[in-house]
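Reproduced below: target-v3.csv, with CSV, C-alpha atoms.
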```csv
chain,number,residue,atom,x,y,z
A,1,MET,CA,-157.7,20.8,33.0
A,2,HIS,CA,-154.3,20.6,31.5
A,3,VAL,CA,-153.7,18.4,28.6
A,4,ASP,CA,-150.2,17.6,29.6
A,5,GLU,CA,-151.6,15.9,32.7
A,6,LEU,CA,-153.6,13.5,30.6
A,7,GLY,CA,-150.5,11.5,29.4
A,8,SER,CA,-151.4,8.3,27.5
A,9,PRO,CA,-153.8,6.8,26.6
A,10,PRO,CA,-154.7,9.1,23.7
A,11,PRO,CA,-156.6,12.1,24.9
A,12,VAL,CA,-159.7,11.3,22.8
A,13,GLY,CA,-162.8,12.9,24.3
A,14,THR,CA,-160.9,15.6,26.1
A,15,ARG,CA,-162.3,18.4,24.0
A,16,THR,CA,-163.2,20.5,27.0
A,17,ALA,CA,-159.8,20.1,28.6
A,18,ILE,CA,-158.0,21.0,25.4
A,19,GLU,CA,-160.2,24.1,24.9
A,20,ALA,CA,-159.5,25.2,28.5
A,21,TYR,CA,-155.8,24.6,27.9
A,22,LEU,CA,-155.7,26.7,24.7
A,23,HIS,CA,-157.7,29.5,26.2
A,24,GLN,CA,-155.4,29.6,29.3
A,25,LYS,CA,-152.0,29.1,27.6
A,26,ILE,CA,-152.7,31.0,24.3
A,27,PRO,CA,-155.2,33.7,25.5
A,28,ILE,CA,-155.8,35.2,22.0
A,29,SER,CA,-157.6,31.9,21.2
A,30,ALA,CA,-160.2,32.9,23.8
A,31,ALA,CA,-160.6,36.4,22.3
A,32,MET,CA,-161.0,34.7,18.9
A,33,GLY,CA,-163.8,32.6,20.3
A,34,VAL,CA,-162.1,29.3,19.5
A,35,ARG,CA,-164.1,26.2,20.5
A,36,VAL,CA,-162.7,22.7,20.1
A,37,LYS,CA,-165.2,20.6,18.2
A,38,THR,CA,-163.1,17.5,17.5
A,39,ALA,CA,-159.8,16.5,19.2
A,40,THR,CA,-158.6,13.0,18.3
A,41,LEU,CA,-155.1,11.9,17.2
A,42,GLU,CA,-156.2,11.9,13.6
A,43,ARG,CA,-158.2,15.1,13.5
A,44,VAL,CA,-158.7,18.4,15.1
A,45,ASP,CA,-161.6,20.7,14.2
A,46,LEU,CA,-161.7,24.2,15.8
A,47,TRP,CA,-164.9,26.2,15.4
A,48,LEU,CA,-164.7,30.0,15.4
A,49,PRO,CA,-167.3,32.7,15.2
A,50,LEU,CA,-166.9,35.4,12.5
A,51,GLN,CA,-167.7,38.4,14.7
A,52,PRO,CA,-164.5,38.7,16.8
A,53,ASN,CA,-162.5,37.9,13.7
A,54,ILE,CA,-164.2,40.2,11.3
A,55,ASN,CA,-162.5,42.8,9.1
A,56,HIS,CA,-163.4,46.1,7.4
A,57,GLU,CA,-165.0,44.2,4.5
A,58,LYS,CA,-167.2,42.2,7.0
A,59,THR,CA,-165.3,39.0,6.0
A,60,LEU,CA,-162.8,37.1,8.0
A,61,PHE,CA,-159.6,39.0,8.8
A,62,GLY,CA,-156.7,37.2,7.1
A,63,GLY,CA,-154.6,37.3,10.2
A,64,SER,CA,-157.3,35.5,12.2
A,65,ALA,CA,-157.5,32.9,9.4
A,66,ALA,CA,-153.7,32.3,9.7
A,67,ALA,CA,-153.9,32.1,13.5
A,68,ALA,CA,-156.8,29.6,13.4
A,69,ALA,CA,-155.1,27.4,10.9
A,70,THR,CA,-151.8,27.5,12.8
A,71,LEU,CA,-153.6,26.7,16.1
A,72,ALA,CA,-155.4,23.7,14.6
A,73,ALA,CA,-152.2,22.2,13.2
A,74,TRP,CA,-150.3,22.9,16.4
A,75,THR,CA,-153.0,21.3,18.5
A,76,LEU,CA,-153.1,18.1,16.6
A,77,LEU,CA,-149.3,17.8,16.7
A,78,HIS,CA,-149.3,18.6,20.4
A,79,LEU,CA,-152.0,15.9,21.1
A,80,ARG,CA,-150.0,13.3,19.1
A,81,LEU,CA,-146.8,14.1,20.9
A,82,THR,CA,-148.5,14.1,24.3
A,83,ALA,CA,-150.2,10.7,23.6
A,84,ALA,CA,-146.8,9.3,22.6
A,85,GLY,CA,-145.4,10.4,26.0
A,86,ALA,CA,-143.1,13.0,24.4
A,87,GLU,CA,-143.4,16.6,25.5
A,88,PRO,CA,-140.9,18.4,23.4
A,89,GLN,CA,-140.9,22.1,22.8
A,90,LEU,CA,-143.0,22.5,19.7
A,91,VAL,CA,-142.8,25.6,17.6
A,92,VAL,CA,-143.8,26.7,14.1
A,93,GLN,CA,-140.9,27.5,11.8
A,94,ARG,CA,-142.6,28.4,8.6
A,95,GLY,CA,-146.3,28.9,7.6
A,96,ALA,CA,-148.0,29.6,4.3
A,97,MET,CA,-151.6,30.5,3.8
A,98,GLU,CA,-153.6,30.5,0.6
A,99,TYR,CA,-156.8,32.5,0.7
A,100,LYS,CA,-159.1,31.0,-1.8
A,101,LYS,CA,-162.5,32.6,-1.0
A,102,PRO,CA,-163.5,35.2,1.5
A,103,ILE,CA,-165.2,33.7,4.6
A,104,VAL,CA,-168.4,35.5,5.5
A,105,GLY,CA,-169.6,33.5,8.5
A,106,ASP,CA,-168.6,31.2,11.3
A,107,PHE,CA,-166.1,28.7,10.2
A,108,GLU,CA,-163.9,25.7,11.1
A,109,ALA,CA,-160.2,25.2,11.1
A,110,THR,CA,-159.6,21.5,10.3
A,111,CYS,CA,-156.3,19.6,10.6
A,112,LEU,CA,-156.1,15.9,9.6
A,113,PHE,CA,-153.0,13.7,10.1
A,114,GLY,CA,-152.9,10.0,9.1
A,115,ASP,CA,-149.5,9.6,7.5
A,116,THR,CA,-148.1,6.9,9.6
A,117,ALA,CA,-144.8,6.7,7.6
A,118,ALA,CA,-144.1,10.4,8.1
A,119,TRP,CA,-145.0,10.1,11.8
A,120,GLY,CA,-142.7,7.2,12.2
A,121,ARG,CA,-139.8,9.1,10.6
A,122,PHE,CA,-140.6,12.2,12.7
A,123,SER,CA,-140.8,10.2,16.0
A,124,HIS,CA,-137.6,8.3,15.2
A,125,THR,CA,-135.6,11.5,14.4
A,126,LEU,CA,-136.9,13.2,17.5
A,127,ALA,CA,-135.9,10.2,19.7
A,128,ARG,CA,-132.5,9.9,18.1
A,129,ARG,CA,-131.5,13.5,17.5
A,130,GLY,CA,-133.6,15.4,20.0
A,131,LYS,CA,-135.0,17.5,17.1
A,132,ALA,CA,-137.3,16.8,14.2
A,133,ARG,CA,-139.4,18.7,11.7
A,134,LEU,CA,-142.9,17.8,10.4
A,135,THR,CA,-145.1,19.6,7.8
A,136,MET,CA,-148.7,19.8,8.7
A,137,THR,CA,-151.6,21.0,6.6
A,138,ALA,CA,-154.9,22.6,7.7
A,139,ARG,CA,-157.9,23.9,6.0
A,140,LEU,CA,-160.5,26.6,6.8
A,141,MET,CA,-164.0,25.4,5.9
A,142,GLN,CA,-167.2,27.3,5.7
A,143,GLY,CA,-169.8,24.5,5.6
A,144,THR,CA,-168.4,22.0,3.1
A,145,ASN,CA,-166.4,24.6,1.2
A,146,GLU,CA,-162.6,24.9,1.5
A,147,MET,CA,-161.9,28.6,1.8
A,148,CYS,CA,-158.2,28.6,2.9
A,149,ALA,CA,-155.3,26.2,2.9
A,150,PHE,CA,-152.4,26.3,5.3
A,151,PHE,CA,-149.0,24.5,5.2
A,152,GLY,CA,-146.8,24.7,8.3
A,153,ASP,CA,-143.4,23.4,9.2
A,154,PHE,CA,-143.3,22.6,12.9
A,155,VAL,CA,-140.1,21.7,14.8
A,156,ALA,CA,-140.1,19.6,17.9
A,157,LEU,CA,-137.2,20.0,20.3
A,158,ARG,CA,-136.6,17.6,23.2
A,159,SER,CA,-135.8,19.9,26.1
A,160,SER,CA,-134.6,17.1,28.6
A,161,THR,CA,-131.4,16.2,26.7
B,1,MET,CA,-162.2,58.7,13.3
B,2,HIS,CA,-162.4,56.8,10.1
B,3,VAL,CA,-159.4,56.8,7.9
B,4,ASP,CA,-161.5,56.6,4.8
B,5,GLU,CA,-162.9,60.0,5.7
B,6,LEU,CA,-159.4,61.5,5.6
B,7,GLY,CA,-159.1,61.3,1.9
B,8,SER,CA,-156.0,63.1,0.5
B,9,PRO,CA,-153.7,64.7,1.4
B,10,PRO,CA,-151.7,61.8,2.7
B,11,PRO,CA,-152.8,60.8,6.2
B,12,VAL,CA,-149.4,61.4,7.8
B,13,GLY,CA,-149.8,62.1,11.5
B,14,THR,CA,-153.1,60.2,11.8
B,15,ARG,CA,-151.8,57.5,14.0
B,16,THR,CA,-154.6,57.8,16.5
B,17,ALA,CA,-157.3,57.8,13.8
B,18,ILE,CA,-155.8,54.7,12.1
B,19,GLU,CA,-155.5,52.9,15.4
B,20,ALA,CA,-159.2,53.6,16.2
B,21,TYR,CA,-160.1,52.4,12.6
B,22,LEU,CA,-158.2,49.2,13.1
B,23,HIS,CA,-159.7,48.5,16.6
B,24,GLN,CA,-163.2,49.2,15.3
B,25,LYS,CA,-163.1,47.5,11.9
B,26,ILE,CA,-160.8,44.6,12.8
B,27,PRO,CA,-161.7,44.0,16.5
B,28,ILE,CA,-159.1,41.2,17.1
B,29,SER,CA,-156.5,44.0,16.7
B,30,ALA,CA,-157.8,45.6,19.9
B,31,ALA,CA,-157.7,42.2,21.7
B,32,MET,CA,-154.1,41.8,20.5
B,33,GLY,CA,-153.3,45.3,21.9
B,34,VAL,CA,-152.1,46.7,18.6
B,35,ARG,CA,-150.9,50.3,18.9
B,36,VAL,CA,-150.0,52.3,15.8
B,37,LYS,CA,-146.5,53.8,16.3
B,38,THR,CA,-145.8,55.1,12.8
B,39,ALA,CA,-148.2,55.5,9.9
B,40,THR,CA,-146.7,57.2,6.8
B,41,LEU,CA,-147.0,56.3,3.2
B,42,GLU,CA,-143.5,54.8,3.3
B,43,ARG,CA,-143.7,53.0,6.7
B,44,VAL,CA,-146.1,51.5,9.2
B,45,ASP,CA,-144.9,50.3,12.6
B,46,LEU,CA,-147.4,48.5,14.8
B,47,TRP,CA,-146.4,47.9,18.5
B,48,LEU,CA,-147.8,44.9,20.3
B,49,PRO,CA,-147.5,43.6,23.8
B,50,LEU,CA,-146.5,40.0,24.4
B,51,GLN,CA,-149.0,39.2,27.1
B,52,PRO,CA,-152.3,38.9,25.1
B,53,ASN,CA,-150.3,37.2,22.3
B,54,ILE,CA,-148.4,34.7,24.5
B,55,ASN,CA,-148.3,31.0,24.0
B,56,HIS,CA,-147.7,27.8,26.2
B,57,GLU,CA,-143.9,28.4,25.9
B,58,LYS,CA,-144.2,32.0,27.1
B,59,THR,CA,-143.1,33.2,23.7
B,60,LEU,CA,-145.2,34.9,20.9
B,61,PHE,CA,-147.9,32.7,19.5
B,62,GLY,CA,-147.1,32.1,15.8
B,63,GLY,CA,-150.7,32.9,14.9
B,64,SER,CA,-150.5,36.3,16.5
B,65,ALA,CA,-147.2,36.9,14.7
B,66,ALA,CA,-148.8,36.2,11.3
B,67,ALA,CA,-151.8,38.4,12.2
B,68,ALA,CA,-149.5,41.3,13.3
B,69,ALA,CA,-147.5,41.1,10.1
B,70,THR,CA,-150.5,40.8,7.8
B,71,LEU,CA,-152.1,43.8,9.6
B,72,ALA,CA,-148.9,46.0,9.2
B,73,ALA,CA,-148.7,45.2,5.4
B,74,TRP,CA,-152.5,45.7,4.9
B,75,THR,CA,-152.4,49.0,6.8
B,76,LEU,CA,-149.6,50.5,4.7
B,77,LEU,CA,-151.3,49.4,1.4
B,78,HIS,CA,-154.6,50.8,2.7
B,79,LEU,CA,-153.0,54.2,3.5
B,80,ARG,CA,-151.3,54.4,0.1
B,81,LEU,CA,-154.5,53.6,-1.7
B,82,THR,CA,-156.5,56.0,0.4
B,83,ALA,CA,-154.0,58.8,-0.2
B,84,ALA,CA,-154.2,58.1,-3.9
B,85,GLY,CA,-157.9,58.6,-3.8
B,86,ALA,CA,-158.6,54.9,-4.6
B,87,GLU,CA,-160.7,52.9,-2.2
B,88,PRO,CA,-160.7,49.4,-3.8
B,89,GLN,CA,-161.6,46.3,-1.9
B,90,LEU,CA,-158.2,45.1,-0.6
B,91,VAL,CA,-157.6,41.5,0.5
B,92,VAL,CA,-154.7,39.2,1.1
B,93,GLN,CA,-154.5,36.3,-1.3
B,94,ARG,CA,-151.4,34.5,-0.1
B,95,GLY,CA,-149.2,35.0,3.0
B,96,ALA,CA,-145.9,33.3,4.1
B,97,MET,CA,-144.3,33.6,7.5
B,98,GLU,CA,-140.7,32.7,8.4
B,99,TYR,CA,-140.2,32.3,12.1
B,100,LYS,CA,-136.5,33.0,12.7
B,101,LYS,CA,-136.3,33.4,16.5
B,102,PRO,CA,-138.8,33.1,19.3
B,103,ILE,CA,-140.1,36.5,20.4
B,104,VAL,CA,-140.0,36.8,24.2
B,105,GLY,CA,-141.3,40.3,24.8
B,106,ASP,CA,-143.2,43.2,23.3
B,107,PHE,CA,-142.5,43.7,19.7
B,108,GLU,CA,-143.1,45.7,16.5
B,109,ALA,CA,-144.5,44.7,13.1
B,110,THR,CA,-142.9,46.9,10.5
B,111,CYS,CA,-143.8,47.3,6.9
B,112,LEU,CA,-141.8,49.5,4.5
B,113,PHE,CA,-142.7,50.4,1.0
B,114,GLY,CA,-140.7,52.6,-1.3
B,115,ASP,CA,-140.7,50.8,-4.6
B,116,THR,CA,-142.1,53.5,-6.9
B,117,ALA,CA,-141.7,51.4,-10.0
B,118,ALA,CA,-143.8,48.6,-8.5
B,119,TRP,CA,-146.3,51.1,-7.2
B,120,GLY,CA,-146.6,52.7,-10.6
B,121,ARG,CA,-147.3,49.3,-12.3
B,122,PHE,CA,-149.8,48.4,-9.5
B,123,SER,CA,-151.7,51.7,-9.8
B,124,HIS,CA,-151.7,51.6,-13.6
B,125,THR,CA,-153.1,48.1,-13.7
B,126,LEU,CA,-155.7,48.9,-11.0
B,127,ALA,CA,-156.9,51.9,-13.0
B,128,ARG,CA,-156.9,50.1,-16.3
B,129,ARG,CA,-158.2,46.6,-15.3
B,130,GLY,CA,-160.0,47.3,-12.0
B,131,LYS,CA,-157.8,44.7,-10.4
B,132,ALA,CA,-154.1,44.5,-9.4
B,133,ARG,CA,-151.8,42.5,-7.3
B,134,LEU,CA,-148.9,43.7,-5.1
B,135,THR,CA,-146.4,41.8,-2.9
B,136,MET,CA,-145.7,43.4,0.4
B,137,THR,CA,-143.1,42.4,3.0
B,138,ALA,CA,-143.2,42.9,6.7
B,139,ARG,CA,-140.9,42.1,9.6
B,140,LEU,CA,-141.4,41.4,13.3
B,141,MET,CA,-138.7,43.2,15.3
B,142,GLN,CA,-137.8,42.8,18.9
B,143,GLY,CA,-135.6,45.8,19.6
B,144,THR,CA,-133.2,45.9,16.6
B,145,ASN,CA,-133.5,42.1,15.9
B,146,GLU,CA,-135.5,40.7,13.0
B,147,MET,CA,-137.4,37.8,14.5
B,148,CYS,CA,-139.9,37.0,11.7
B,149,ALA,CA,-140.3,37.8,8.0
B,150,PHE,CA,-143.6,38.0,6.2
B,151,PHE,CA,-144.4,38.0,2.4
B,152,GLY,CA,-147.9,38.7,1.4
B,153,ASP,CA,-149.7,39.0,-2.0
B,154,PHE,CA,-152.5,41.5,-1.8
B,155,VAL,CA,-155.2,42.0,-4.4
B,156,ALA,CA,-157.0,45.3,-4.9
B,157,LEU,CA,-160.4,45.2,-6.6
B,158,ARG,CA,-162.1,48.3,-7.7
B,159,SER,CA,-165.7,47.9,-6.6
B,160,SER,CA,-167.2,50.9,-8.5
B,161,THR,CA,-166.8,49.5,-12.0
```
Go ahead and express the file in the form of structure tokens.
Amino acid sequence: MHVDELGSPPPVGTRTAIEAYLHQKIPISAAMGVRVKTATLERVDLWLPLQPNINHEKTLFGGSAAAAATLAAWTLLHLRLTAAGAEPQLVVQRGAMEYKKPIVGDFEATCLFGDTAAWGRFSHTLARRGKARLTMTARLMQGTNEMCAFFGDFVALRSST
Amino acid sequence: MHVDELGSPPPVGTRTAIEAYLHQKIPISAAMGVRVKTATLERVDLWLPLQPNINHEKTLFGGSAAAAATLAAWTLLHLRLTAAGAEPQLVVQRGAMEYKKPIVGDFEATCLFGDTAAWGRFSHTLARRGKARLTMTARLMQGTNEMCAFFGDFVALRSST
């Protein structure tokens, strides 16, 4: 139940394994109630309940919102790197959240990535220099409404060089 | 054990009450192991253990870092507003994190505020218009080293008008 053991081909359909990986390796994700709803190389959707992430106003705590968005973006990048056979250290360097509307119920953190040109540059730089940076975006959705937007700069560092 | 019941004078020395308030109203703060170390009107220090906030690299999960910083800034603003006799709705509108170095142990989220001119403008605008915005900064410290910096725009909305 360890996504790193999946290797290629792309770990499509491994929602349960990825969820177990997140809960084990990043235990606050279990306390937040994170469920992996979609996990492909183009899209990650995490579902979260409001209750463990609620605040004094009975809306979503901004810190949980930032954590959920960071996790969705990190997960998609991790899946893509694993599928590509690369397992660099992967960390967030910068993150920005825009809180558009208060979230008053269960919600999803969605990250899409389909920019093949940006991915090509990122992969090439990582292979050549052992280090590369990529900006990911994620959104928090309540139903069909976008409630928060996240922009994160992630750095991949090849450890085996 | 509800900080709102404290009213003025300033809730200095109410660390335990504020910790209980956070754990009760923002339950993920209890799962994160947040302890209130300092809570004055000029400074909030939250202490957090690494273990419940750890990631796959055995360093601090970026999402927990953002949540801890957001919470420190929110708490200081909440204390100041409560001490001033104002109890507006208080939400974060924008948040930015810079991750400078990976945190590999227990850490503190520190928020300082001593800008009396900015506070005066904020209070005046809130009283006059029922809505005001203030930028707060917070830092994550491991020992004496600054590991992360946070900048957050908070909005106070008077509900009783």
Is it possible to see chain B as a CSV table (one decimal) with C-alpha atoms, keeping the file's coordinate frame, once it has been laid onto chain A by a least-squares fit on every C-alpha atom in order?
```csv
chain,number,residue,atom,x,y,z
B,1,MET,CA,-157.6,20.9,33.1
B,2,HIS,CA,-154.2,20.7,31.6
B,3,VAL,CA,-153.7,18.5,28.6
B,4,ASP,CA,-150.2,17.7,29.6
B,5,GLU,CA,-151.5,16.1,32.8
B,6,LEU,CA,-153.5,13.6,30.6
B,7,GLY,CA,-150.6,11.7,29.5
B,8,SER,CA,-151.4,8.5,27.6
B,9,PRO,CA,-153.8,6.9,26.8
B,10,PRO,CA,-154.6,9.1,23.9
B,11,PRO,CA,-156.7,12.1,25.0
B,12,VAL,CA,-159.7,11.3,22.8
B,13,GLY,CA,-162.8,12.8,24.3
B,14,THR,CA,-160.9,15.6,26.0
B,15,ARG,CA,-162.3,18.4,24.0
B,16,THR,CA,-163.3,20.5,27.0
B,17,ALA,CA,-159.9,20.1,28.6
B,18,ILE,CA,-158.0,21.0,25.4
B,19,GLU,CA,-160.2,24.0,24.9
B,20,ALA,CA,-159.5,25.2,28.5
B,21,TYR,CA,-155.7,24.6,27.8
B,22,LEU,CA,-155.8,26.6,24.7
B,23,HIS,CA,-157.7,29.5,26.3
B,24,GLN,CA,-155.4,29.6,29.3
B,25,LYS,CA,-152.0,29.0,27.6
B,26,ILE,CA,-152.7,30.9,24.3
B,27,PRO,CA,-155.2,33.7,25.5
B,28,ILE,CA,-155.8,35.2,22.0
B,29,SER,CA,-157.6,31.9,21.3
B,30,ALA,CA,-160.2,32.8,23.9
B,31,ALA,CA,-160.5,36.4,22.3
B,32,MET,CA,-161.0,34.7,18.9
B,33,GLY,CA,-163.8,32.5,20.4
B,34,VAL,CA,-162.1,29.2,19.5
B,35,ARG,CA,-164.2,26.2,20.5
B,36,VAL,CA,-162.7,22.7,20.1
B,37,LYS,CA,-165.2,20.6,18.2
B,38,THR,CA,-163.1,17.5,17.5
B,39,ALA,CA,-159.8,16.5,19.1
B,40,THR,CA,-158.5,13.0,18.2
B,41,LEU,CA,-155.1,11.9,17.2
B,42,GLU,CA,-156.2,11.8,13.5
B,43,ARG,CA,-158.3,15.1,13.5
B,44,VAL,CA,-158.7,18.4,15.1
B,45,ASP,CA,-161.6,20.7,14.2
B,46,LEU,CA,-161.7,24.2,15.8
B,47,TRP,CA,-164.9,26.2,15.4
B,48,LEU,CA,-164.7,30.0,15.3
B,49,PRO,CA,-167.2,32.7,15.1
B,50,LEU,CA,-166.9,35.4,12.5
B,51,GLN,CA,-167.7,38.4,14.7
B,52,PRO,CA,-164.5,38.8,16.9
B,53,ASN,CA,-162.5,37.8,13.7
B,54,ILE,CA,-164.2,40.2,11.3
B,55,ASN,CA,-162.5,42.8,9.2
B,56,HIS,CA,-163.4,46.2,7.4
B,57,GLU,CA,-165.0,44.2,4.5
B,58,LYS,CA,-167.2,42.2,6.9
B,59,THR,CA,-165.3,39.1,6.0
B,60,LEU,CA,-162.7,37.0,8.0
B,61,PHE,CA,-159.6,38.9,8.8
B,62,GLY,CA,-156.7,37.2,7.1
B,63,GLY,CA,-154.6,37.4,10.3
B,64,SER,CA,-157.3,35.5,12.2
B,65,ALA,CA,-157.5,32.9,9.5
B,66,ALA,CA,-153.7,32.2,9.7
B,67,ALA,CA,-153.9,32.1,13.5
B,68,ALA,CA,-156.9,29.6,13.4
B,69,ALA,CA,-155.1,27.4,11.0
B,70,THR,CA,-151.8,27.5,12.8
B,71,LEU,CA,-153.6,26.7,16.1
B,72,ALA,CA,-155.5,23.6,14.5
B,73,ALA,CA,-152.2,22.2,13.2
B,74,TRP,CA,-150.3,22.9,16.5
B,75,THR,CA,-153.1,21.3,18.5
B,76,LEU,CA,-153.1,18.1,16.6
B,77,LEU,CA,-149.3,17.8,16.7
B,78,HIS,CA,-149.4,18.6,20.4
B,79,LEU,CA,-152.0,15.8,21.1
B,80,ARG,CA,-150.0,13.2,19.1
B,81,LEU,CA,-146.8,14.1,20.9
B,82,THR,CA,-148.5,14.0,24.3
B,83,ALA,CA,-150.2,10.7,23.6
B,84,ALA,CA,-146.8,9.3,22.6
B,85,GLY,CA,-145.4,10.3,25.9
B,86,ALA,CA,-143.1,13.0,24.4
B,87,GLU,CA,-143.4,16.6,25.6
B,88,PRO,CA,-140.9,18.4,23.4
B,89,GLN,CA,-140.9,22.1,22.9
B,90,LEU,CA,-143.0,22.5,19.7
B,91,VAL,CA,-142.9,25.6,17.5
B,92,VAL,CA,-143.8,26.7,14.0
B,93,GLN,CA,-140.9,27.5,11.8
B,94,ARG,CA,-142.6,28.4,8.6
B,95,GLY,CA,-146.3,28.9,7.7
B,96,ALA,CA,-148.0,29.6,4.3
B,97,MET,CA,-151.6,30.6,3.8
B,98,GLU,CA,-153.6,30.5,0.6
B,99,TYR,CA,-156.7,32.6,0.7
B,100,LYS,CA,-159.1,31.0,-1.8
B,101,LYS,CA,-162.5,32.6,-1.0
B,102,PRO,CA,-163.6,35.3,1.5
B,103,ILE,CA,-165.1,33.7,4.6
B,104,VAL,CA,-168.4,35.4,5.4
B,105,GLY,CA,-169.6,33.6,8.5
B,106,ASP,CA,-168.6,31.2,11.3
B,107,PHE,CA,-166.1,28.7,10.2
B,108,GLU,CA,-163.9,25.7,11.1
B,109,ALA,CA,-160.2,25.1,11.0
B,110,THR,CA,-159.5,21.5,10.3
B,111,CYS,CA,-156.3,19.6,10.6
B,112,LEU,CA,-156.0,15.9,9.6
B,113,PHE,CA,-153.1,13.7,10.1
B,114,GLY,CA,-152.9,10.1,9.1
B,115,ASP,CA,-149.5,9.7,7.5
B,116,THR,CA,-148.0,6.9,9.6
B,117,ALA,CA,-144.8,6.7,7.5
B,118,ALA,CA,-144.1,10.4,8.1
B,119,TRP,CA,-145.0,10.1,11.7
B,120,GLY,CA,-142.7,7.2,12.1
B,121,ARG,CA,-139.7,9.1,10.5
B,122,PHE,CA,-140.6,12.2,12.7
B,123,SER,CA,-140.7,10.2,15.9
B,124,HIS,CA,-137.5,8.3,15.1
B,125,THR,CA,-135.6,11.4,14.4
B,126,LEU,CA,-137.0,13.2,17.5
B,127,ALA,CA,-135.9,10.2,19.7
B,128,ARG,CA,-132.5,9.9,18.0
B,129,ARG,CA,-131.5,13.5,17.5
B,130,GLY,CA,-133.7,15.4,20.0
B,131,LYS,CA,-135.0,17.5,17.1
B,132,ALA,CA,-137.4,16.8,14.2
B,133,ARG,CA,-139.4,18.6,11.7
B,134,LEU,CA,-142.9,17.8,10.4
B,135,THR,CA,-145.1,19.5,7.8
B,136,MET,CA,-148.7,19.8,8.7
B,137,THR,CA,-151.6,21.0,6.6
B,138,ALA,CA,-154.8,22.6,7.7
B,139,ARG,CA,-157.9,24.0,6.0
B,140,LEU,CA,-160.5,26.6,6.8
B,141,MET,CA,-164.0,25.3,5.9
B,142,GLN,CA,-167.2,27.2,5.7
B,143,GLY,CA,-169.8,24.5,5.6
B,144,THR,CA,-168.4,22.0,3.1
B,145,ASN,CA,-166.3,24.6,1.2
B,146,GLU,CA,-162.6,24.9,1.5
B,147,MET,CA,-161.9,28.6,1.8
B,148,CYS,CA,-158.2,28.6,2.9
B,149,ALA,CA,-155.3,26.2,2.9
B,150,PHE,CA,-152.5,26.3,5.3
B,151,PHE,CA,-149.0,24.5,5.2
B,152,GLY,CA,-146.9,24.7,8.2
B,153,ASP,CA,-143.4,23.4,9.2
B,154,PHE,CA,-143.2,22.6,12.9
B,155,VAL,CA,-140.1,21.8,14.8
B,156,ALA,CA,-140.1,19.6,17.9
B,157,LEU,CA,-137.2,20.0,20.3
B,158,ARG,CA,-136.6,17.7,23.1
B,159,SER,CA,-135.8,19.9,26.1
B,160,SER,CA,-134.7,17.1,28.5
B,161,THR,CA,-131.5,16.2,26.8
```
Which chain B residues are at most 9 Å from chain A (counting all atoms listed in the file), as a PyMOL selection string? chain B and resi 21-22+24-28+31-32+51-58+61-71+89-102
Ala156 of chain B: which residues within 12 Å, counting only C-alpha atoms, same-chain residues fewer than 4 positions away excluded, as a list of chain:residue names?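 Those residues are B:Trp74, B:Leu77, B:His78, B:Arg80, B:Leu81, B:Thr82, B:Ala86, B:Glu87, B:Pro88, B:Gln89, B:Leu90, B:Val91, B:Val92, B:Gln93, B:Phe122, B:Ser123, B:His124, B:Thr125, B:Leu126, B:Ala127, B:Arg129, B:Gly130, B:Lys131, B:Ala132, B:Arg133, B:Leu134, B:Thr135.
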Selection: 12 Å around segment 35-46 of chain A, only C-alpha atoms, excl. self and same-chain fewer than 5 positions, as a PyMOL selection string: chain A and resi 3+8-23+29-30+65+67-84+106-116+119+136-142
Expressed in Å, the length from atom CA of Leu157 of chain B to atom CA of Asn145 of chain A is 22.8 Å
What is the distance between atom CA of Val34 of chain A and atom CA of Leu50 of chain A, in Å to one decimal?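 Distance between the two atoms: 10.5 Å.
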Generate N, CA and C atoms for segment 132-140 of chain A and emit them as an mmCIF file, in the coordinates of the input.
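The result, stored in rebuild-v5.cif:
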```cif
data_model
loop_
_atom_site.group_PDB
_atom_site.id
_atom_site.type_symbol
_atom_site.label_atom_id
_atom_site.label_comp_id
_atom_site.auth_asym_id
_atom_site.auth_seq_id
_atom_site.Cartn_x
_atom_site.Cartn_y
_atom_site.Cartn_z
ATOM 1 N N ALA A 132 -136.766 17.296 15.491
ATOM 2 C CA ALA A 132 -137.300 16.800 14.200
ATOM 3 C C ALA A 132 -138.348 17.787 13.697
ATOM 4 N N ARG A 133 -138.552 17.707 12.386
ATOM 5 C CA ARG A 133 -139.400 18.700 11.700
ATOM 6 C C ARG A 133 -140.542 17.888 10.982
ATOM 7 N N LEU A 134 -141.726 18.469 11.022
ATOM 8 C CA LEU A 134 -142.900 17.800 10.400
ATOM 9 C C LEU A 134 -143.727 18.906 9.699
ATOM 10 N N THR A 135 -144.162 18.635 8.467
ATOM 11 C CA THR A 135 -145.100 19.600 7.800
ATOM 12 C C THR A 135 -146.509 19.141 8.034
ATOM 13 N N MET A 136 -147.296 20.085 8.476
ATOM 14 C CA MET A 136 -148.700 19.800 8.700
ATOM 15 C C MET A 136 -149.531 20.694 7.765
ATOM 16 N N THR A 137 -150.717 20.210 7.410
ATOM 17 C CA THR A 137 -151.600 21.000 6.600
ATOM 18 C C THR A 137 -152.915 21.246 7.367
ATOM 19 N N ALA A 138 -153.546 22.336 7.122
ATOM 20 C CA ALA A 138 -154.900 22.600 7.700
ATOM 21 C C ALA A 138 -155.705 23.328 6.688
ATOM 22 N N ARG A 139 -157.000 23.273 6.882
ATOM 23 C CA ARG A 139 -157.900 23.900 6.000
ATOM 24 C C ARG A 139 -158.928 24.753 6.761
ATOM 25 N N LEU A 140 -159.346 25.859 6.206
ATOM 26 C CA LEU A 140 -160.500 26.600 6.800
ATOM 27 C C LEU A 140 -161.703 26.272 5.962
#
```
